[in-house]
$ cat my_file.csv   # CSV, N, CA and C atoms
chain,number,residue,atom,x,y,z
W,1,GLN,N,-63.9,88.4,98.3
W,1,GLN,CA,-64.1,87.2,97.4
W,1,GLN,C,-63.7,86.0,98.2
W,2,VAL,N,-64.5,84.9,97.9
W,2,VAL,CA,-64.3,83.6,98.6
W,2,VAL,C,-63.0,83.0,98.0
W,3,GLN,N,-62.2,82.4,98.8
W,3,GLN,CA,-61.1,81.7,98.3
W,3,GLN,C,-61.1,80.3,99.0
W,4,LEU,N,-60.7,79.3,98.2
W,4,LEU,CA,-60.7,77.9,98.6
W,4,LEU,C,-59.3,77.4,98.5
W,5,VAL,N,-58.8,76.8,99.6
W,5,VAL,CA,-57.4,76.2,99.6
W,5,VAL,C,-57.5,74.8,100.0
W,6,GLU,N,-57.3,73.9,99.1
W,6,GLU,CA,-57.3,72.4,99.4
W,6,GLU,C,-55.9,72.0,99.7
W,7,SER,N,-55.8,71.0,100.6
W,7,SER,CA,-54.5,70.5,100.9
W,7,SER,C,-54.6,69.0,101.4
W,8,GLY,N,-53.5,68.4,101.5
W,8,GLY,CA,-53.5,67.0,102.1
W,8,GLY,C,-53.3,65.9,101.1
W,9,GLY,N,-53.4,66.2,99.8
W,9,GLY,CA,-53.1,65.2,98.8
W,9,GLY,C,-51.7,64.7,98.9
W,10,HIS,N,-51.6,63.4,98.5
W,10,HIS,CA,-50.2,62.8,98.6
W,10,HIS,C,-50.2,61.5,97.8
W,11,LEU,N,-49.0,61.0,97.6
W,11,LEU,CA,-48.9,59.6,97.1
W,11,LEU,C,-49.2,58.6,98.2
W,12,VAL,N,-50.0,57.7,97.9
W,12,VAL,CA,-50.4,56.7,98.9
W,12,VAL,C,-50.5,55.3,98.2
W,13,GLN,N,-50.2,54.3,99.0
W,13,GLN,CA,-50.4,52.9,98.4
W,13,GLN,C,-51.8,52.5,98.4
W,14,PRO,N,-52.2,51.6,97.6
W,14,PRO,CA,-53.6,51.1,97.6
W,14,PRO,C,-53.9,50.5,99.0
W,15,GLY,N,-55.1,50.8,99.5
W,15,GLY,CA,-55.4,50.5,100.9
W,15,GLY,C,-55.1,51.5,101.9
W,16,GLY,N,-54.4,52.5,101.5
W,16,GLY,CA,-53.9,53.5,102.5
W,16,GLY,C,-55.0,54.6,102.8
W,17,SER,N,-54.6,55.5,103.6
W,17,SER,CA,-55.6,56.6,104.0
W,17,SER,C,-55.0,57.9,103.9
W,18,LEU,N,-55.9,58.9,103.7
W,18,LEU,CA,-55.5,60.3,103.6
W,18,LEU,C,-56.6,61.1,104.2
W,19,THR,N,-56.2,62.3,104.7
W,19,THR,CA,-57.3,63.3,105.1
W,19,THR,C,-57.0,64.6,104.3
W,20,LEU,N,-58.0,65.0,103.6
W,20,LEU,CA,-57.9,66.3,102.9
W,20,LEU,C,-58.5,67.4,103.7
W,21,SER,N,-58.0,68.6,103.5
W,21,SER,CA,-58.6,69.8,104.1
W,21,SER,C,-58.9,70.8,103.1
W,22,CYS,N,-60.0,71.6,103.3
W,22,CYS,CA,-60.4,72.7,102.5
W,22,CYS,C,-60.6,73.9,103.4
W,23,GLU,N,-59.8,74.8,103.3
W,23,GLU,CA,-59.9,76.1,104.1
W,23,GLU,C,-60.7,77.1,103.2
W,24,VAL,N,-61.7,77.6,103.8
W,24,VAL,CA,-62.6,78.6,103.1
W,24,VAL,C,-62.4,80.0,103.7
W,25,SER,N,-62.1,81.0,102.9
W,25,SER,CA,-62.0,82.3,103.4
W,25,SER,C,-62.9,83.2,102.6
W,26,GLY,N,-63.3,84.3,103.3
W,26,GLY,CA,-64.1,85.3,102.6
W,26,GLY,C,-65.6,85.2,102.8
W,27,THR,N,-66.0,84.2,103.6
W,27,THR,CA,-67.4,84.0,103.9
W,27,THR,C,-67.5,83.1,105.1
W,28,ASN,N,-68.7,83.0,105.7
W,28,ASN,CA,-68.9,82.1,106.8
W,28,ASN,C,-69.4,80.8,106.3
W,29,LEU,N,-68.6,79.7,106.5
W,29,LEU,CA,-68.9,78.4,106.0
W,29,LEU,C,-70.2,77.9,106.5
W,30,ASN,N,-70.7,78.3,107.7
W,30,ASN,CA,-71.8,77.6,108.4
W,30,ASN,C,-73.1,77.7,107.7
W,31,THR,N,-73.2,78.6,106.7
W,31,THR,CA,-74.5,78.8,106.0
W,31,THR,C,-74.6,78.1,104.7
W,32,TYR,N,-73.5,77.2,104.4
W,32,TYR,CA,-73.5,76.6,103.1
W,32,TYR,C,-73.4,75.1,103.2
W,33,THR,N,-74.1,74.5,102.2
W,33,THR,CA,-73.8,73.0,101.9
W,33,THR,C,-72.6,73.0,101.0
W,34,VAL,N,-71.7,72.1,101.4
W,34,VAL,CA,-70.4,72.0,100.8
W,34,VAL,C,-70.1,70.6,100.3
W,35,ALA,N,-69.4,70.5,99.3
W,35,ALA,CA,-69.0,69.2,98.7
W,35,ALA,C,-67.6,69.1,98.4
W,36,TRP,N,-67.1,67.8,98.4
W,36,TRP,CA,-65.8,67.5,97.8
W,36,TRP,C,-66.1,67.0,96.4
W,37,PHE,N,-65.3,67.4,95.4
W,37,PHE,CA,-65.4,66.9,94.1
W,37,PHE,C,-64.0,66.4,93.7
W,38,ARG,N,-64.0,65.6,92.6
W,38,ARG,CA,-62.7,65.1,92.1
W,38,ARG,C,-62.8,65.1,90.6
W,39,GLN,N,-61.6,65.2,90.0
W,39,GLN,CA,-61.5,65.1,88.6
W,39,GLN,C,-60.3,64.4,88.2
W,40,ALA,N,-60.5,63.2,87.5
W,40,ALA,CA,-59.4,62.4,87.0
W,40,ALA,C,-59.1,62.8,85.6
W,41,PRO,N,-57.9,62.6,85.1
W,41,PRO,CA,-57.6,63.0,83.7
W,41,PRO,C,-58.6,62.4,82.7
W,42,GLY,N,-59.1,63.3,81.8
W,42,GLY,CA,-60.0,62.8,80.8
W,42,GLY,C,-61.4,62.7,81.3
W,43,ASN,N,-61.7,63.0,82.6
W,43,ASN,CA,-63.0,62.8,83.1
W,43,ASN,C,-63.6,64.2,83.5
W,44,GLN,N,-64.9,64.2,83.6
W,44,GLN,CA,-65.5,65.4,84.2
W,44,GLN,C,-65.3,65.5,85.7
W,45,ARG,N,-65.4,66.7,86.2
W,45,ARG,CA,-65.4,66.8,87.7
W,45,ARG,C,-66.7,66.3,88.2
W,46,GLU,N,-66.6,65.5,89.3
W,46,GLU,CA,-67.8,64.8,89.9
W,46,GLU,C,-67.8,65.0,91.4
W,47,TRP,N,-68.9,65.1,92.0
W,47,TRP,CA,-69.0,65.2,93.4
W,47,TRP,C,-68.8,63.8,94.0
W,48,VAL,N,-68.2,63.8,95.2
W,48,VAL,CA,-68.0,62.5,95.9
W,48,VAL,C,-68.6,62.5,97.3
W,49,ALA,N,-68.7,63.7,97.9
W,49,ALA,CA,-69.2,63.7,99.2
W,49,ALA,C,-69.8,65.1,99.5
W,50,ILE,N,-70.9,65.1,100.2
W,50,ILE,CA,-71.6,66.4,100.5
W,50,ILE,C,-72.0,66.5,102.0
W,51,ILE,N,-71.8,67.7,102.5
W,51,ILE,CA,-72.3,67.9,103.9
W,51,ILE,C,-73.1,69.1,104.0
W,52,ASN,N,-74.3,69.1,104.6
W,52,ASN,CA,-75.1,70.2,104.6
W,52,ASN,C,-74.9,71.0,105.9
W,53,THR,N,-75.8,72.0,106.1
W,53,THR,CA,-75.6,72.9,107.2
W,53,THR,C,-75.8,72.3,108.6
W,54,VAL,N,-76.5,71.2,108.6
W,54,VAL,CA,-76.7,70.5,109.9
W,54,VAL,C,-75.9,69.2,109.9
W,55,SER,N,-74.9,69.1,109.0
W,55,SER,CA,-73.9,68.0,109.0
W,55,SER,C,-74.5,66.7,108.6
W,56,SER,N,-75.6,66.7,107.9
W,56,SER,CA,-76.1,65.5,107.2
W,56,SER,C,-75.1,65.3,106.0
W,57,THR,N,-74.8,64.0,105.8
W,57,THR,CA,-73.8,63.7,104.7
W,57,THR,C,-74.4,62.8,103.7
W,58,TYR,N,-73.8,62.9,102.5
W,58,TYR,CA,-74.2,62.1,101.3
W,58,TYR,C,-72.9,61.7,100.6
W,59,TYR,N,-72.9,60.5,100.0
W,59,TYR,CA,-71.7,60.0,99.4
W,59,TYR,C,-72.1,59.4,98.0
W,60,GLU,N,-71.2,59.6,97.1
W,60,GLU,CA,-71.3,58.9,95.8
W,60,GLU,C,-71.0,57.4,96.1
W,61,ASP,N,-71.7,56.5,95.3
W,61,ASP,CA,-71.7,55.1,95.7
W,61,ASP,C,-70.4,54.5,95.8
W,62,SER,N,-69.4,54.9,94.9
W,62,SER,CA,-68.1,54.2,94.9
W,62,SER,C,-67.3,54.5,96.2
W,63,VAL,N,-67.7,55.5,96.9
W,63,VAL,CA,-66.8,55.9,98.1
W,63,VAL,C,-67.6,55.6,99.4
W,64,LYS,N,-68.8,55.2,99.3
W,64,LYS,CA,-69.6,54.9,100.6
W,64,LYS,C,-68.9,53.9,101.4
W,65,GLY,N,-68.8,54.2,102.7
W,65,GLY,CA,-68.1,53.3,103.6
W,65,GLY,C,-66.6,53.5,103.7
W,66,ARG,N,-66.1,54.2,102.8
W,66,ARG,CA,-64.6,54.5,102.8
W,66,ARG,C,-64.2,55.9,103.0
W,67,PHE,N,-65.1,56.8,102.6
W,67,PHE,CA,-64.8,58.3,102.8
W,67,PHE,C,-65.8,58.9,103.8
W,68,THR,N,-65.3,59.8,104.5
W,68,THR,CA,-66.1,60.6,105.5
W,68,THR,C,-65.8,62.0,105.4
W,69,ILE,N,-66.9,62.8,105.1
W,69,ILE,CA,-66.8,64.2,105.0
W,69,ILE,C,-67.2,64.8,106.4
W,70,SER,N,-66.5,65.9,106.8
W,70,SER,CA,-66.9,66.6,108.0
W,70,SER,C,-66.6,68.1,107.9
W,71,ARG,N,-67.0,68.8,108.8
W,71,ARG,CA,-66.8,70.3,108.8
W,71,ARG,C,-66.5,70.8,110.1
W,72,ASP,N,-65.7,71.9,110.2
W,72,ASP,CA,-65.4,72.6,111.4
W,72,ASP,C,-65.7,74.1,111.1
W,73,ASN,N,-66.9,74.5,111.4
W,73,ASN,CA,-67.4,75.8,111.0
W,73,ASN,C,-66.5,76.9,111.8
W,74,ALA,N,-66.1,76.6,112.9
W,74,ALA,CA,-65.3,77.6,113.7
W,74,ALA,C,-64.0,77.9,113.0
W,75,LYS,N,-63.5,76.8,112.2
W,75,LYS,CA,-62.2,77.0,111.5
W,75,LYS,C,-62.5,77.2,110.0
W,76,ASN,N,-63.8,77.3,109.6
W,76,ASN,CA,-64.1,77.5,108.2
W,76,ASN,C,-63.4,76.5,107.3
W,77,THR,N,-63.4,75.2,107.8
W,77,THR,CA,-62.7,74.2,107.1
W,77,THR,C,-63.6,72.9,106.9
W,78,VAL,N,-63.5,72.3,105.8
W,78,VAL,CA,-64.1,71.0,105.5
W,78,VAL,C,-63.1,70.0,105.3
W,79,PHE,N,-63.4,68.8,105.8
W,79,PHE,CA,-62.4,67.7,105.7
W,79,PHE,C,-63.0,66.5,104.9
W,80,LEU,N,-62.1,65.7,104.3
W,80,LEU,CA,-62.4,64.5,103.7
W,80,LEU,C,-61.5,63.4,104.2
W,81,GLN,N,-61.9,62.5,105.0
W,81,GLN,CA,-61.2,61.4,105.4
W,81,GLN,C,-61.4,60.3,104.4
W,82,MET,N,-60.3,59.8,103.9
W,82,MET,CA,-60.4,58.7,102.8
W,82,MET,C,-59.6,57.5,103.3
W,83,ASN,N,-60.3,56.4,103.4
W,83,ASN,CA,-59.7,55.1,103.8
W,83,ASN,C,-59.8,54.1,102.6
W,84,ASP,N,-59.0,53.1,102.7
W,84,ASP,CA,-59.0,52.0,101.8
W,84,ASP,C,-58.9,52.6,100.3
W,85,LEU,N,-58.0,53.4,100.1
W,85,LEU,CA,-57.9,54.1,98.8
W,85,LEU,C,-57.6,53.1,97.7
W,86,LYS,N,-58.2,53.3,96.5
W,86,LYS,CA,-58.1,52.5,95.4
W,86,LYS,C,-57.5,53.3,94.2
W,87,ALA,N,-57.0,52.6,93.2
W,87,ALA,CA,-56.5,53.3,92.0
W,87,ALA,C,-57.5,54.2,91.4
W,88,GLU,N,-58.8,53.8,91.5
W,88,GLU,CA,-59.8,54.6,90.8
W,88,GLU,C,-60.1,55.9,91.6
W,89,ASP,N,-59.6,56.0,92.8
W,89,ASP,CA,-59.7,57.3,93.6
W,89,ASP,C,-58.7,58.3,93.2
W,90,MET,N,-57.8,58.0,92.4
W,90,MET,CA,-56.7,58.9,92.0
W,90,MET,C,-57.3,60.0,91.1
W,91,ALA,N,-57.1,61.2,91.6
W,91,ALA,CA,-57.7,62.4,91.0
W,91,ALA,C,-57.2,63.7,91.7
W,92,VAL,N,-57.5,64.8,91.1
W,92,VAL,CA,-57.4,66.1,91.8
W,92,VAL,C,-58.7,66.3,92.5
W,93,TYR,N,-58.6,66.6,93.8
W,93,TYR,CA,-59.8,66.8,94.7
W,93,TYR,C,-60.0,68.3,95.0
W,94,TYR,N,-61.2,68.7,94.9
W,94,TYR,CA,-61.6,70.1,95.1
W,94,TYR,C,-62.8,70.2,96.0
W,95,CYS,N,-63.0,71.3,96.7
W,95,CYS,CA,-64.2,71.6,97.4
W,95,CYS,C,-64.9,72.8,96.8
W,96,ASN,N,-66.2,72.9,97.1
W,96,ASN,CA,-67.0,74.0,96.7
W,96,ASN,C,-68.4,73.9,97.3
W,97,GLN,N,-69.2,74.9,97.0
W,97,GLN,CA,-70.6,74.8,97.4
W,97,GLN,C,-71.2,73.6,96.6
W,98,PHE,N,-72.4,73.2,97.1
W,98,PHE,CA,-73.1,72.2,96.4
W,98,PHE,C,-74.6,72.7,96.3
W,99,GLY,N,-75.2,72.6,95.1
W,99,GLY,CA,-76.6,72.9,94.9
W,99,GLY,C,-76.8,74.4,94.6
W,100,SER,N,-75.8,75.2,94.4
W,100,SER,CA,-76.0,76.6,94.1
W,100,SER,C,-75.6,76.8,92.6
W,101,ARG,N,-76.3,77.7,92.0
W,101,ARG,CA,-75.9,78.0,90.6
W,101,ARG,C,-74.6,78.9,90.5
W,102,GLN,N,-74.4,79.6,91.6
W,102,GLN,CA,-73.2,80.5,91.7
W,102,GLN,C,-72.2,79.8,92.6
W,103,LEU,N,-71.3,79.0,92.0
W,103,LEU,CA,-70.3,78.4,92.8
W,103,LEU,C,-69.2,79.4,93.2
W,104,TRP,N,-68.4,79.1,94.2
W,104,TRP,CA,-67.3,79.9,94.5
W,104,TRP,C,-66.2,79.7,93.4
W,105,PRO,N,-65.2,80.6,93.3
W,105,PRO,CA,-64.1,80.3,92.4
W,105,PRO,C,-63.4,79.1,92.8
W,106,TRP,N,-63.1,78.2,91.9
W,106,TRP,CA,-62.4,76.9,92.3
W,106,TRP,C,-61.0,77.2,92.8
W,107,GLY,N,-60.6,76.4,93.8
W,107,GLY,CA,-59.2,76.4,94.2
W,107,GLY,C,-58.3,75.7,93.3
W,108,GLN,N,-57.1,75.5,93.7
W,108,GLN,CA,-56.1,74.8,92.9
W,108,GLN,C,-56.3,73.3,93.0
W,109,GLY,N,-57.0,72.8,94.0
W,109,GLY,CA,-57.2,71.4,94.2
W,109,GLY,C,-56.0,70.8,94.8
W,110,THR,N,-56.1,69.5,95.2
W,110,THR,CA,-55.0,68.8,95.8
W,110,THR,C,-55.0,67.4,95.2
W,111,GLN,N,-53.8,67.0,94.7
W,111,GLN,CA,-53.6,65.7,94.0
W,111,GLN,C,-53.5,64.5,94.9
W,112,VAL,N,-54.4,63.6,94.6
W,112,VAL,CA,-54.3,62.3,95.3
W,112,VAL,C,-53.8,61.2,94.3
W,113,THR,N,-52.7,60.6,94.6
W,113,THR,CA,-52.1,59.6,93.8
W,113,THR,C,-52.1,58.3,94.5
W,114,VAL,N,-52.7,57.2,93.9
W,114,VAL,CA,-52.8,55.9,94.6
W,114,VAL,C,-52.0,55.0,93.7
W,115,SER,N,-50.9,54.5,94.2
W,115,SER,CA,-50.0,53.6,93.5
W,115,SER,C,-49.0,52.9,94.4
W,116,SER,N,-48.7,51.7,94.0
W,116,SER,CA,-47.8,50.9,94.8
W,116,SER,C,-46.4,51.1,94.2

$ encode --input "my_file.csv" --output "structure tokens"
Amino acid sequence: QVQLVESGGHLVQPGGSLTLSCEVSGTNLNTYTVAWFRQAPGNQREWVAIINTVSSTYYEDSVKGRFTISRDNAKNTVFLQMNDLKAEDMAVYYCNQFGSRQLWPWGQGTQVTVSS
């Protein structure tokens, strides 16, 4: 069974940076389009960044120019570099497949808190 382990979330000041990691086990990451999602309290989970099997990337408008998604297939890991963090970026961040009806079981996510 596929397992997802997200890490790297932390308390950061506005304007700060973080890099999140998502380790995928139980499958070969290189055959999947993967996304980072986030869920803030009271909100639905939404995608913020997508990377496909040839490393083309797509971003939700509010994070364009600030977030960068990347992948290391040899390590079965997906990353999200987040710069110039804002209060509205505060959420629990998750990774999963994108575009499939059968998602992997969700991981525990990693909390990003943006506060001065």

$ closest_residue --input "my_file.csv" --among "W:Gln44, W:Gln1, W:Asn52, W:Gln81" --to "W:Leu20" --atoms "only N, CA and C atoms"
W:Gln81

$ atom_distance --input "my_file.csv" --atom1 "atom CA of W:Trp47" --atom2 "atom C of W:Glu60"
8.5 Å

$ closest_residue --input "my_file.csv" --among "W:Val48, W:Phe37, W:Lys75, W:Phe98" --to "W:Val63" --atoms "all atoms listed in the file"
W:Val48

$ closest_residue --input "my_file.csv" --among "W:Asn76, W:Thr53, W:Gln111, W:Ser17" --to "W:Met90" --atoms "all atoms listed in the file"
W:Gln111

$ closest_residue --input "my_file.csv" --among "W:Met82, W:Ala40, W:Ile51, W:Leu29" --to "W:Gly109" --atoms "only C-alpha atoms"
W:Ala40

$ closest_residue --input "my_file.csv" --among "W:Ser115, W:Ser21, W:Thr110, W:Ser62" --to "W:Ala91" --atoms "all atoms listed in the file"
W:Thr110

$ closest_residue --input "my_file.csv" --among "W:Asp61, W:Glu23, W:Asp84, W:Asp89" --to "W:Ser7" --atoms "only N, CA and C atoms"
W:Glu23

$ atom_distance --input "my_file.csv" --atom1 "atom CA of W:Lys86" --atom2 "atom CA of W:Arg45"
17.8 Å

$ residues_near_point --input "my_file.csv" --point "(-51.2, 49.0, 99.1)" --cutoff "10 Å" --atoms "only C-alpha atoms" --output "list in words"
Val12, Gln13, Pro14, Gly15, Gly16, Asp84, Leu85, Lys86, Ala87, Val114, Ser115 and Ser116 of chain W

$ decode --input "my_file.csv" --residues "stretch 3-17 of chain W" --atoms "N, CA and C atoms" --output "PDB file, in the first residue's frame"
ATOM      1  N   GLN W   3       2.171   4.780   0.939  1.00  0.00           N
ATOM      2  CA  GLN W   3       2.160   5.651   2.108  1.00  0.00           C
ATOM      3  C   GLN W   3       2.812   6.974   1.757  1.00  0.00           C
ATOM      4  N   LEU W   4       2.246   8.045   2.279  1.00  0.00           N
ATOM      5  CA  LEU W   4       2.743   9.401   2.058  1.00  0.00           C
ATOM      6  C   LEU W   4       3.148   9.996   3.400  1.00  0.00           C
ATOM      7  N   VAL W   5       4.341  10.536   3.456  1.00  0.00           N
ATOM      8  CA  VAL W   5       4.809  11.181   4.679  1.00  0.00           C
ATOM      9  C   VAL W   5       5.282  12.582   4.327  1.00  0.00           C
ATOM     10  N   GLU W   6       4.524  13.569   4.758  1.00  0.00           N
ATOM     11  CA  GLU W   6       4.872  14.972   4.528  1.00  0.00           C
ATOM     12  C   GLU W   6       5.642  15.506   5.728  1.00  0.00           C
ATOM     13  N   SER W   7       6.588  16.386   5.459  1.00  0.00           N
ATOM     14  CA  SER W   7       7.370  16.975   6.537  1.00  0.00           C
ATOM     15  C   SER W   7       7.881  18.343   6.106  1.00  0.00           C
ATOM     16  N   GLY W   8       8.417  19.075   7.083  1.00  0.00           N
ATOM     17  CA  GLY W   8       9.030  20.366   6.795  1.00  0.00           C
ATOM     18  C   GLY W   8       8.210  21.562   7.229  1.00  0.00           C
ATOM     19  N   GLY W   9       6.980  21.343   7.630  1.00  0.00           N
ATOM     20  CA  GLY W   9       6.162  22.458   8.083  1.00  0.00           C
ATOM     21  C   GLY W   9       6.684  23.039   9.386  1.00  0.00           C
ATOM     22  N   HIS W  10       6.451  24.342   9.545  1.00  0.00           N
ATOM     23  CA  HIS W  10       7.025  25.018  10.707  1.00  0.00           C
ATOM     24  C   HIS W  10       6.335  26.349  10.896  1.00  0.00           C
ATOM     25  N   LEU W  11       6.633  26.995  12.006  1.00  0.00           N
ATOM     26  CA  LEU W  11       6.218  28.373  12.228  1.00  0.00           C
ATOM     27  C   LEU W  11       7.227  29.285  11.535  1.00  0.00           C
ATOM     28  N   VAL W  12       6.734  30.185  10.717  1.00  0.00           N
ATOM     29  CA  VAL W  12       7.620  31.091   9.995  1.00  0.00           C
ATOM     30  C   VAL W  12       6.988  32.479   9.972  1.00  0.00           C
ATOM     31  N   GLN W  13       7.821  33.489   9.944  1.00  0.00           N
ATOM     32  CA  GLN W  13       7.316  34.860   9.882  1.00  0.00           C
ATOM     33  C   GLN W  13       6.859  35.197   8.464  1.00  0.00           C
ATOM     34  N   PRO W  14       5.953  36.144   8.322  1.00  0.00           N
ATOM     35  CA  PRO W  14       5.580  36.591   6.970  1.00  0.00           C
ATOM     36  C   PRO W  14       6.817  37.002   6.182  1.00  0.00           C
ATOM     37  N   GLY W  15       6.861  36.588   4.937  1.00  0.00           N
ATOM     38  CA  GLY W  15       8.022  36.853   4.099  1.00  0.00           C
ATOM     39  C   GLY W  15       9.080  35.776   4.166  1.00  0.00           C
ATOM     40  N   GLY W  16       8.920  34.824   5.063  1.00  0.00           N
ATOM     41  CA  GLY W  16       9.886  33.759   5.229  1.00  0.00           C
ATOM     42  C   GLY W  16       9.734  32.647   4.206  1.00  0.00           C
ATOM     43  N   SER W  17      10.584  31.645   4.335  1.00  0.00           N
ATOM     44  CA  SER W  17      10.616  30.531   3.393  1.00  0.00           C
ATOM     45  C   SER W  17      10.608  29.195   4.124  1.00  0.00           C
TER      46      SER W  17
END
